[in-house]
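Trainee: Quick one: the structure is below, questions incoming.
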Amino acid sequence: MAAGVATWLPFARAAAVGWLPLAKKTMPKPPVDNTSRSDEILYVNVSGVRFQTWKNTLDRYPDTLLGSSEKEFFYNEDTQEYFFDRDPEMFRHILNFYRTGKLHYPRHECIQAFDEELAFYGIVPEIIGDCCMEEYRDKKKENQERLAEDTEANEAMDAPLPPHSTSRERLWRAFENPHTSTMALVFYYVTGFFIAVSVIANVVETVPCRPPKGSVKDLPCGEKYQLAFFCMDTACVLIFTFEYLMRLFAAPSRCKFMRSVMSVIDVVAIMPYYIGLVMPENEDVSGAFVTLRVFRVFRIFKFSRHSQGLRILGYTLKSCASELGFLLFSLTMAIIIFATVMFYAEKGTKGSTFTSIPASFWYTIVTMTTLGYGDMVPNTIAGKIFGSICSLSGVLVIALPVPVIVSNFSRIYHQNQRADKMRAQQKVRLARIRMAKKGTANAFLQYKEDRSVGDRQSNSTALCVKNRSAFEHQHHHLLHCLEKTTNHEFTNEVNYSELCMTESVGFRTSRSTSLSSQQGAQNNSTGCCPRRARRRAAMRLANSTVSVSRGSVQELDTLHVKTTCIPPQTRSSLNAQAGDLKLNCGEQDFTAAIISIPTPPANTPDESLPPSPAPIPGILRNTRATAYTSDTVKISSL
Amino acid sequence: MGLVMGTFSMQTKQVSYHKDKADDDLEMTMVCHRPEGLDQLEAQTNFSKRELQVLYRGFKNECPSGVVNEDTFKQIYSQFFPHGDASTYAHFLFNAFDSAHTGSIKFEDFVTALSILLRGTITEKLQWTFNLYDINRDGYINKEEMTDIVRAIYDMMGKYTYPVLKNDAPKQHVDAFFQKMDKNRDGVVTLDEFILSCQEDENIMRSLQLFENVI
């Protein structure tokens, strides 16, 4: 709960006087507050810089170091002040948080130093105000990425292999990081060499060589030295196939590997050769076969494994693909418009090359990109006018993309990041608010539980109960008054659902109920919780212990969530010593746990309800027992 | 092509010019209220100077402008009741605090109400409660007003209660209340009936003492 609201608690309690005439039951006694109420000025000495503030100011946030009793550890009796051996510049911001309720991030400070100060003073960084939150998150992310990069680079460089890795893992590692072993490096260079050879061969075989003796026509070298080129091609394809199969074998996730871009490029590079082998020497199909040879040029993309720069370029294009797409679209629009205009302008002329609109596309593109081949030229005056407009606008259209793509890319990229960040932050904030609300709700339920257990064991809960602050005492008393006014009690969702079940069958004592009786039960209490009807039937069919265990598992989850994921504003989560807090009452309640564990079957929801509050603490007690056993296991593992 | 797009974009710019001026005017008139002097407040309420100082420091910190409007009030009150919806009851409370019906609570209103609730006589407290229940300030509490109040209180409990909240629980509660308070059975409760019935009830008298040492 936002602790700045602590100042309003007296008013909220005073307003409870309005409930008094309506109350059906008597109000509970208010908590006795023995601490002196007068406000005093505290002196805080941080490395020699003296700060002064009201005690109330610090008490506003009771789950931080300065707001709780933890600051007593730093109290210096001789000088009557609290001494902290920390950075006074940072402390200024921390203290301002208490004063104004908003935590600001000083932009000139190192993010890690700031984080450490926050952790020391027990303040959760999520409280940083909206004005500084984005900056804080950006810097933090940047820092983390930088650290991650450094560690990754270190790892990749000289991390030794884990001792018992299989040959498959070693092979994969050799493929991914060729610098790790000599063999891998050799293989890396060999494949690189063969890619180059293959690409050069593809290029050279089309160059016209001197014709063989007895012929006049120039032949491309590919046909003259057909056997040599074929052998070279075979060798390269063999190497590539071998490499691909080895990678496929070594890949940790074969499906993922087969879907990756590089693997697709590999396959496309070697497929034409095999298809050519398989295909018969047929005249019809050989035309298609020639087309397939074009795909051999994809081998050049295999170089991207060897070049970091190509990879970055590919990533850049991929990430600003939408920009490029829009550019293409607008260009297409312009081309269509101008082509149409030119066609109709030149329609009448005799011998015009503008035979159709698609034919005019070529003219438009050549003119807009300022190429101007001159194979298509307008003859009419209107055609020339529109042609000049076309070329002028072409200059604009072509001059715009390059800087626009660059700036668009960086702007849109960052914008998207920010939008996603804000959406994620918003989700996180709402989730945090929800959890804080749940936390306060659960805190009150826990308090009630403690009290009910305390009624049975009067001496042991005193220690437990004291762990709550005066604020919590008073707040819980307020909620208690509301309960007494309305004669209803607060529960949580799980208990509520179980209650719906038990209320429907509350007056049955037998465990074995037939389906027909369930139907009757459902009809009786549809007003209670109609949505739970289906779940109720499902749960009823299981036997009672299973339903209790499931209910208790659910309870366990919720309580466990409460005990382990304490809402972010409490310090105990930061200090990760939640066990210590429970340690005080761990002992006493552990005995309670031991006693009540053997009796789960007795507290099934099937049995008839004993007088009012017993079943709830009964169910809760079981689960709390299990929750506590798990907690004590946690303590012992420390 | 670019010319066309350029001319379109230029037109849209001119429209937004006029809006900015209105925003500037709003910024100038920020509300800032100062309470009367400490001595006057001490005379008017049952608080000591020190207590007033503590109260004002807290109040000023939360509302630097010196006034609380209804939305802020609802927000603050809702934070104490996370289980359910406290906004309706907060609305009634706000009207009860804002005795002058100005639409905002100043520090004087705040402290006056607190003084009555915490340090006032039994009659004053009951009178304040009667004013809270009497929504339309006509001097009578009728069943509709009471039902609204009780329903608002039950809303604060939220959905998950034990025993399960039935739909007619507020109505039953109101009927029981009228049974007790409405002496002459005329369907409305006047201030005198209210005070008389409360004075007869031991529980209410005792619980009125409970909230004395909240500050």
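We label chains A, B, ... in the order they appear in the structure tokens, count residues from 1 in each chain, and number ligands from 1 in the order shown.
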Can you work out which residues from chain B touch chain A at a cut-off of 6 Å (counting only C-alpha atoms) and hand them back as a PyMOL selection string?
Mentor: chain B and resi 58+82+117+129+160-163+214
Trainee: Mind checking DSSP for segment 27-83 of chain B and telling me the helix (DSSP H, G or I) residues as an NGL selection string?
Mentor: :B and (27-28 or 38-44 or 49-62 or 70-78)
Trainee: Go ahead and compute the interatomic distance for atom CA of Cys198 of chain B and atom CA of His477 of chain A, in Å to one decimal.
Mentor: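 Between atom CA of Cys198 of chain B and atom CA of His477 of chain A the gap is 22.7 Å.
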Trainee: Using backbone DSSP assignments, extract all strand (DSSP E or B) residues from segment 46-214 of chain A; output them as an NGL selection string.
Mentor: :A and (46 or 49-54 or 75-76 or 81-84 or 103 or 128 or 208-209)
Trainee: What does the distance from atom CA of Arg429 of chain A to atom CA of Val124 of chain A come to in Å, to one decimal?
Mentor: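 That distance, rounded to one decimal, is 12.8 Å.
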Trainee: So that I can see what lies close to segment 91-96 of chain B, please list as an mmCIF file with all heavy atoms, in the first residue's frame the residues with an atom at most 9 Å from it, counting only C-alpha atoms and leaving out residues fewer than 6 positions away in the same chain.
Mentor:
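Result file is part_36.cif:
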```cif
data_model
loop_
_atom_site.group_PDB
_atom_site.id
_atom_site.type_symbol
_atom_site.label_atom_id
_atom_site.label_comp_id
_atom_site.auth_asym_id
_atom_site.auth_seq_id
_atom_site.Cartn_x
_atom_site.Cartn_y
_atom_site.Cartn_z
ATOM 1 N N ALA A 15 -13.637 8.308 10.434
ATOM 2 C CA ALA A 15 -14.857 8.198 9.641
ATOM 3 C C ALA A 15 -15.612 6.928 9.962
ATOM 4 O O ALA A 15 -16.789 6.799 9.616
ATOM 5 C CB ALA A 15 -14.505 8.236 8.156
ATOM 6 N N GLY A 18 -19.108 6.674 11.477
ATOM 7 C CA GLY A 18 -20.326 6.633 10.682
ATOM 8 C C GLY A 18 -20.954 5.249 10.611
ATOM 9 O O GLY A 18 -22.117 5.113 10.256
ATOM 10 N N ASN B 69 -9.872 17.396 -3.729
ATOM 11 C CA ASN B 69 -11.111 17.294 -4.489
ATOM 12 C C ASN B 69 -11.639 15.865 -4.419
ATOM 13 O O ASN B 69 -10.992 14.993 -3.855
ATOM 14 C CB ASN B 69 -10.911 17.735 -5.938
ATOM 15 C CG ASN B 69 -9.876 16.890 -6.637
ATOM 16 O OD1 ASN B 69 -9.387 15.906 -6.079
ATOM 17 N ND2 ASN B 69 -9.529 17.268 -7.835
ATOM 18 N N GLU B 70 -12.825 15.687 -4.980
ATOM 19 C CA GLU B 70 -13.518 14.432 -4.702
ATOM 20 C C GLU B 70 -12.780 13.216 -5.242
ATOM 21 O O GLU B 70 -12.735 12.172 -4.599
ATOM 22 C CB GLU B 70 -14.937 14.478 -5.284
ATOM 23 C CG GLU B 70 -15.747 13.253 -4.880
ATOM 24 C CD GLU B 70 -17.226 13.439 -5.072
ATOM 25 O OE1 GLU B 70 -17.658 14.589 -5.262
ATOM 26 O OE2 GLU B 70 -17.937 12.433 -5.021
ATOM 27 N N ASP B 71 -12.176 13.367 -6.419
ATOM 28 C CA ASP B 71 -11.487 12.209 -7.011
ATOM 29 C C ASP B 71 -10.320 11.772 -6.161
ATOM 30 O O ASP B 71 -10.138 10.571 -5.911
ATOM 31 C CB ASP B 71 -10.990 12.569 -8.416
ATOM 32 C CG ASP B 71 -12.136 12.634 -9.397
ATOM 33 O OD1 ASP B 71 -13.115 11.902 -9.176
ATOM 34 O OD2 ASP B 71 -12.051 13.418 -10.349
ATOM 35 N N PHE B 73 -9.960 12.309 -3.031
ATOM 36 C CA PHE B 73 -10.524 11.779 -1.793
ATOM 37 C C PHE B 73 -10.927 10.315 -1.983
ATOM 38 O O PHE B 73 -10.608 9.458 -1.158
ATOM 39 C CB PHE B 73 -11.738 12.630 -1.429
ATOM 40 C CG PHE B 73 -12.317 12.322 -0.091
ATOM 41 C CD1 PHE B 73 -11.818 12.935 1.044
ATOM 42 C CD2 PHE B 73 -13.365 11.434 0.038
ATOM 43 C CE1 PHE B 73 -12.357 12.671 2.280
ATOM 44 C CE2 PHE B 73 -13.904 11.155 1.277
ATOM 45 C CZ PHE B 73 -13.405 11.776 2.400
ATOM 46 N N LYS B 74 -11.601 10.054 -3.096
ATOM 47 C CA LYS B 74 -12.031 8.679 -3.349
ATOM 48 C C LYS B 74 -10.832 7.752 -3.464
ATOM 49 O O LYS B 74 -10.832 6.638 -2.950
ATOM 50 C CB LYS B 74 -12.850 8.623 -4.655
ATOM 51 C CG LYS B 74 -14.260 9.050 -4.506
ATOM 52 C CD LYS B 74 -15.027 8.784 -5.810
ATOM 53 C CE LYS B 74 -16.449 9.235 -5.646
ATOM 54 N NZ LYS B 74 -17.184 9.269 -6.897
ATOM 55 N N GLY B 103 -17.302 21.649 -3.040
ATOM 56 C CA GLY B 103 -16.737 20.705 -4.007
ATOM 57 C C GLY B 103 -15.316 20.300 -3.685
ATOM 58 O O GLY B 103 -14.745 19.477 -4.391
ATOM 59 N N SER B 104 -14.743 20.875 -2.650
ATOM 60 C CA SER B 104 -13.407 20.465 -2.252
ATOM 61 C C SER B 104 -13.293 20.632 -0.748
ATOM 62 O O SER B 104 -13.971 21.471 -0.149
ATOM 63 C CB SER B 104 -12.359 21.305 -2.967
ATOM 64 O OG SER B 104 -12.520 22.657 -2.649
ATOM 65 N N ILE B 105 -12.435 19.801 -0.170
ATOM 66 C CA ILE B 105 -12.245 19.857 1.280
ATOM 67 C C ILE B 105 -10.989 20.649 1.581
ATOM 68 O O ILE B 105 -9.917 20.332 1.081
ATOM 69 C CB ILE B 105 -12.089 18.434 1.856
ATOM 70 C CG1 ILE B 105 -13.312 17.603 1.551
ATOM 71 C CG2 ILE B 105 -11.875 18.505 3.342
ATOM 72 C CD1 ILE B 105 -13.213 16.213 2.106
ATOM 73 N N ALA B 113 -14.155 18.376 11.093
ATOM 74 C CA ALA B 113 -14.825 17.076 11.152
ATOM 75 C C ALA B 113 -14.097 16.124 12.084
ATOM 76 O O ALA B 113 -14.714 15.409 12.876
ATOM 77 C CB ALA B 113 -14.907 16.486 9.740
ATOM 78 N N TRP B 128 -23.289 14.382 13.591
ATOM 79 C CA TRP B 128 -22.465 14.239 12.390
ATOM 80 C C TRP B 128 -22.855 12.999 11.609
ATOM 81 O O TRP B 128 -22.970 13.029 10.372
ATOM 82 C CB TRP B 128 -20.992 14.187 12.806
ATOM 83 C CG TRP B 128 -20.049 14.305 11.648
ATOM 84 C CD1 TRP B 128 -19.512 15.436 11.148
ATOM 85 C CD2 TRP B 128 -19.548 13.243 10.848
ATOM 86 N NE1 TRP B 128 -18.696 15.169 10.092
ATOM 87 C CE2 TRP B 128 -18.699 13.804 9.874
ATOM 88 C CE3 TRP B 128 -19.723 11.861 10.846
ATOM 89 C CZ2 TRP B 128 -18.033 13.050 8.928
ATOM 90 C CZ3 TRP B 128 -19.059 11.100 9.894
ATOM 91 C CH2 TRP B 128 -18.227 11.719 8.945
ATOM 92 N N THR B 129 -23.084 11.912 12.359
ATOM 93 C CA THR B 129 -23.466 10.667 11.688
ATOM 94 C C THR B 129 -24.816 10.830 10.997
ATOM 95 O O THR B 129 -25.029 10.356 9.886
ATOM 96 C CB THR B 129 -23.538 9.528 12.714
ATOM 97 O OG1 THR B 129 -22.402 9.586 13.537
ATOM 98 C CG2 THR B 129 -23.594 8.197 12.019
ATOM 99 N N ASN B 131 -26.004 13.550 9.788
ATOM 100 C CA ASN B 131 -25.768 14.320 8.562
ATOM 101 C C ASN B 131 -25.184 13.467 7.467
ATOM 102 O O ASN B 131 -25.454 13.682 6.286
ATOM 103 C CB ASN B 131 -24.819 15.496 8.847
ATOM 104 C CG ASN B 131 -25.577 16.698 9.316
ATOM 105 O OD1 ASN B 131 -26.738 16.861 8.997
ATOM 106 N ND2 ASN B 131 -24.915 17.532 10.104
ATOM 107 N N LEU B 132 -24.351 12.503 7.872
ATOM 108 C CA LEU B 132 -23.782 11.600 6.863
ATOM 109 C C LEU B 132 -24.873 10.776 6.207
ATOM 110 O O LEU B 132 -24.922 10.616 4.994
ATOM 111 C CB LEU B 132 -22.748 10.692 7.534
ATOM 112 C CG LEU B 132 -22.199 9.545 6.669
ATOM 113 C CD1 LEU B 132 -21.352 10.122 5.551
ATOM 114 C CD2 LEU B 132 -21.374 8.598 7.516
ATOM 115 N N TYR B 133 -25.806 10.273 7.039
ATOM 116 C CA TYR B 133 -26.835 9.422 6.479
ATOM 117 C C TYR B 133 -27.848 10.221 5.668
ATOM 118 O O TYR B 133 -28.406 9.730 4.695
ATOM 119 C CB TYR B 133 -27.577 8.669 7.580
ATOM 120 C CG TYR B 133 -26.722 7.688 8.341
ATOM 121 C CD1 TYR B 133 -27.095 7.253 9.593
ATOM 122 C CD2 TYR B 133 -25.539 7.194 7.809
ATOM 123 C CE1 TYR B 133 -26.324 6.342 10.294
ATOM 124 C CE2 TYR B 133 -24.765 6.289 8.500
ATOM 125 C CZ TYR B 133 -25.159 5.861 9.741
ATOM 126 O OH TYR B 133 -24.403 4.962 10.439
ATOM 127 N N ILE B 135 -28.666 12.115 3.078
ATOM 128 C CA ILE B 135 -27.924 12.480 1.865
ATOM 129 C C ILE B 135 -28.426 13.800 1.288
ATOM 130 O O ILE B 135 -27.643 14.627 0.845
ATOM 131 C CB ILE B 135 -28.051 11.352 0.827
ATOM 132 C CG1 ILE B 135 -27.471 10.058 1.403
ATOM 133 C CG2 ILE B 135 -27.330 11.711 -0.457
ATOM 134 C CD1 ILE B 135 -27.626 8.880 0.502
ATOM 135 N N ILE B 149 -26.718 4.135 1.636
ATOM 136 C CA ILE B 149 -25.560 4.130 2.527
ATOM 137 C C ILE B 149 -25.141 2.688 2.832
ATOM 138 O O ILE B 149 -23.964 2.322 2.725
ATOM 139 C CB ILE B 149 -25.882 4.855 3.845
ATOM 140 C CG1 ILE B 149 -26.205 6.305 3.581
ATOM 141 C CG2 ILE B 149 -24.751 4.698 4.814
ATOM 142 C CD1 ILE B 149 -25.047 7.230 3.662
ATOM 143 N N ALA B 152 -23.532 1.021 -0.012
ATOM 144 C CA ALA B 152 -22.157 1.505 -0.210
ATOM 145 C C ALA B 152 -21.211 0.837 0.762
ATOM 146 O O ALA B 152 -20.082 0.478 0.416
ATOM 147 C CB ALA B 152 -22.122 3.028 -0.034
#
```
Trainee: One decimal, Å: what's the distance from atom CA of Met258 of chain A over to atom CA of Ser322 of chain A, could you say?
Mentor: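 Those two atoms sit 26.1 Å apart.
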Trainee: For segment 41-43 of chain B, find every residue with an atom within 12 Å (counting only C-alpha atoms), except residues of its own chain fewer than 5 positions away, and show them as a PyMOL selection string.
Mentor: chain B and resi 35-36+48-53+55-56+107-112+115
Trainee: Based on the selection just made, write N, CA, C and O atoms of those residues as a PDB file, in the first residue's frame.
Mentor:
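Heads up, here's the output in out08.pdb:
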```pdb
ATOM      1  N   PRO B  35      -4.888  27.846   5.117  1.00  0.00           N
ATOM      2  CA  PRO B  35      -5.898  27.821   6.179  1.00  0.00           C
ATOM      3  C   PRO B  35      -5.793  29.068   7.059  1.00  0.00           C
ATOM      4  O   PRO B  35      -4.835  29.831   6.956  1.00  0.00           O
ATOM      5  N   GLU B  36      -6.759  29.211   7.936  1.00  0.00           N
ATOM      6  CA  GLU B  36      -6.701  30.323   8.885  1.00  0.00           C
ATOM      7  C   GLU B  36      -5.556  30.085   9.845  1.00  0.00           C
ATOM      8  O   GLU B  36      -4.962  29.021   9.863  1.00  0.00           O
ATOM      9  N   SER B  48      -4.987  20.384  20.242  1.00  0.00           N
ATOM     10  CA  SER B  48      -3.947  21.283  20.726  1.00  0.00           C
ATOM     11  C   SER B  48      -3.132  21.769  19.549  1.00  0.00           C
ATOM     12  O   SER B  48      -3.243  21.262  18.442  1.00  0.00           O
ATOM     13  N   LYS B  49      -2.259  22.745  19.835  1.00  0.00           N
ATOM     14  CA  LYS B  49      -1.456  23.335  18.753  1.00  0.00           C
ATOM     15  C   LYS B  49      -0.568  22.268  18.122  1.00  0.00           C
ATOM     16  O   LYS B  49      -0.444  22.191  16.899  1.00  0.00           O
ATOM     17  N   ARG B  50       0.037  21.467  18.961  1.00  0.00           N
ATOM     18  CA  ARG B  50       0.948  20.453  18.435  1.00  0.00           C
ATOM     19  C   ARG B  50       0.238  19.493  17.500  1.00  0.00           C
ATOM     20  O   ARG B  50       0.736  19.140  16.435  1.00  0.00           O
ATOM     21  N   GLU B  51      -0.960  19.075  17.961  1.00  0.00           N
ATOM     22  CA  GLU B  51      -1.701  18.119  17.138  1.00  0.00           C
ATOM     23  C   GLU B  51      -2.075  18.746  15.800  1.00  0.00           C
ATOM     24  O   GLU B  51      -1.985  18.096  14.749  1.00  0.00           O
ATOM     25  N   LEU B  52      -2.475  20.007  15.844  1.00  0.00           N
ATOM     26  CA  LEU B  52      -2.810  20.681  14.586  1.00  0.00           C
ATOM     27  C   LEU B  52      -1.602  20.762  13.670  1.00  0.00           C
ATOM     28  O   LEU B  52      -1.722  20.607  12.455  1.00  0.00           O
ATOM     29  N   GLN B  53      -0.449  20.999  14.294  1.00  0.00           N
ATOM     30  CA  GLN B  53       0.760  21.072  13.472  1.00  0.00           C
ATOM     31  C   GLN B  53       1.020  19.749  12.768  1.00  0.00           C
ATOM     32  O   GLN B  53       1.295  19.708  11.568  1.00  0.00           O
ATOM     33  N   LEU B  55      -1.095  17.386  12.116  1.00  0.00           N
ATOM     34  CA  LEU B  55      -2.140  17.138  11.120  1.00  0.00           C
ATOM     35  C   LEU B  55      -1.893  17.947   9.855  1.00  0.00           C
ATOM     36  O   LEU B  55      -2.024  17.440   8.736  1.00  0.00           O
ATOM     37  N   TYR B  56      -1.523  19.223  10.049  1.00  0.00           N
ATOM     38  CA  TYR B  56      -1.369  20.058   8.862  1.00  0.00           C
ATOM     39  C   TYR B  56      -0.178  19.628   8.036  1.00  0.00           C
ATOM     40  O   TYR B  56      -0.218  19.661   6.799  1.00  0.00           O
ATOM     41  N   PHE B 107      -8.393  22.427   4.633  1.00  0.00           N
ATOM     42  CA  PHE B 107      -7.866  21.913   5.885  1.00  0.00           C
ATOM     43  C   PHE B 107      -8.838  22.197   7.034  1.00  0.00           C
ATOM     44  O   PHE B 107      -8.972  21.382   7.954  1.00  0.00           O
ATOM     45  N   GLU B 108      -9.521  23.347   7.001  1.00  0.00           N
ATOM     46  CA  GLU B 108     -10.435  23.661   8.104  1.00  0.00           C
ATOM     47  C   GLU B 108     -11.564  22.637   8.186  1.00  0.00           C
ATOM     48  O   GLU B 108     -11.921  22.184   9.272  1.00  0.00           O
ATOM     49  N   ASP B 109     -12.120  22.282   7.007  1.00  0.00           N
ATOM     50  CA  ASP B 109     -13.199  21.283   7.005  1.00  0.00           C
ATOM     51  C   ASP B 109     -12.700  19.979   7.598  1.00  0.00           C
ATOM     52  O   ASP B 109     -13.367  19.347   8.434  1.00  0.00           O
ATOM     53  N   PHE B 110     -11.518  19.604   7.137  1.00  0.00           N
ATOM     54  CA  PHE B 110     -10.904  18.362   7.566  1.00  0.00           C
ATOM     55  C   PHE B 110     -10.764  18.333   9.071  1.00  0.00           C
ATOM     56  O   PHE B 110     -11.201  17.403   9.761  1.00  0.00           O
ATOM     57  N   VAL B 111     -10.202  19.395   9.613  1.00  0.00           N
ATOM     58  CA  VAL B 111      -9.912  19.408  11.037  1.00  0.00           C
ATOM     59  C   VAL B 111     -11.186  19.546  11.861  1.00  0.00           C
ATOM     60  O   VAL B 111     -11.307  18.945  12.934  1.00  0.00           O
ATOM     61  N   THR B 112     -12.145  20.319  11.336  1.00  0.00           N
ATOM     62  CA  THR B 112     -13.410  20.456  12.069  1.00  0.00           C
ATOM     63  C   THR B 112     -14.097  19.106  12.212  1.00  0.00           C
ATOM     64  O   THR B 112     -14.540  18.733  13.314  1.00  0.00           O
ATOM     65  N   SER B 115     -12.291  16.915  14.564  1.00  0.00           N
ATOM     66  CA  SER B 115     -12.481  17.336  15.952  1.00  0.00           C
ATOM     67  C   SER B 115     -13.796  16.795  16.506  1.00  0.00           C
ATOM     68  O   SER B 115     -13.863  16.323  17.639  1.00  0.00           O
TER      69      SER B 115
END
```
Trainee: Would you mind listing what lies within 6 Å of Asp155 of chain B as a list in words, with only C-alpha atoms counted and same-chain residues fewer than 3 positions away left out?
Mentor: Gly84, Asp85, Ala152 and Gly158 of chain B
Trainee: Report as a VMD selection string all protein, DNA and RNA residues lying within 12 Å of Lys347 of chain A, evaluated on only C-alpha atoms, omitting residues in the same chain fewer than 6 positions from it.
Mentor: chain A and resid 339 to 341 353 to 357 360 378 to 380 382 to 383
Trainee: Take the residues just selected and output them with N, CA and C atoms as a tab-separated table (two decimals), in the first residue's frame.
Mentor:
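The resulting out08.tsv:
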```tsv
chain	number	residue	atom	x	y	z
A	339	ALA	N	2.71	6.26	-65.57
A	339	ALA	CA	2.60	5.41	-66.75
A	339	ALA	C	1.25	5.61	-67.43
A	340	THR	N	0.20	5.67	-66.62
A	340	THR	CA	-1.13	5.90	-67.18
A	340	THR	C	-1.18	7.22	-67.93
A	341	VAL	N	-0.65	8.24	-67.25
A	341	VAL	CA	-0.71	9.57	-67.88
A	341	VAL	C	0.06	9.58	-69.21
A	353	THR	N	6.09	4.16	-79.07
A	353	THR	CA	6.55	2.97	-78.34
A	353	THR	C	5.71	2.70	-77.10
A	354	PHE	N	4.83	3.64	-76.77
A	354	PHE	CA	4.01	3.48	-75.56
A	354	PHE	C	2.79	2.65	-75.93
A	355	THR	N	3.03	1.35	-76.13
A	355	THR	CA	1.97	0.51	-76.68
A	355	THR	C	0.90	0.17	-75.66
A	356	SER	N	1.26	0.12	-74.40
A	356	SER	CA	0.25	-0.17	-73.37
A	356	SER	C	0.74	0.42	-72.06
A	357	ILE	N	-0.13	0.39	-71.09
A	357	ILE	CA	0.28	0.97	-69.79
A	357	ILE	C	1.45	0.18	-69.18
A	360	SER	N	4.47	1.28	-70.60
A	360	SER	CA	4.90	2.59	-70.11
A	360	SER	C	5.58	2.51	-68.75
A	378	PRO	N	8.88	10.32	-75.40
A	378	PRO	CA	7.59	10.91	-75.78
A	378	PRO	C	7.75	11.87	-76.95
A	379	ASN	N	6.69	11.93	-77.80
A	379	ASN	CA	6.75	12.80	-78.97
A	379	ASN	C	5.79	13.97	-78.89
A	380	THR	N	4.65	13.77	-78.22
A	380	THR	CA	3.68	14.87	-78.16
A	380	THR	C	4.12	15.87	-77.12
A	382	ALA	N	2.17	17.23	-74.83
A	382	ALA	CA	1.65	16.81	-73.52
A	382	ALA	C	2.53	15.73	-72.93
A	383	GLY	N	2.95	14.80	-73.78
A	383	GLY	CA	3.82	13.72	-73.30
A	383	GLY	C	5.12	14.26	-72.75
```
Trainee: Which neighbours of Asn136 of chain B fall inside 12 Å, counting only C-alpha atoms, when residues of the same chain fewer than 6 positions from it are skipped, and could you give them as a PyMOL selection string?
Mentor: chain B and resi 92+95-96+101+130+142+144-146+148
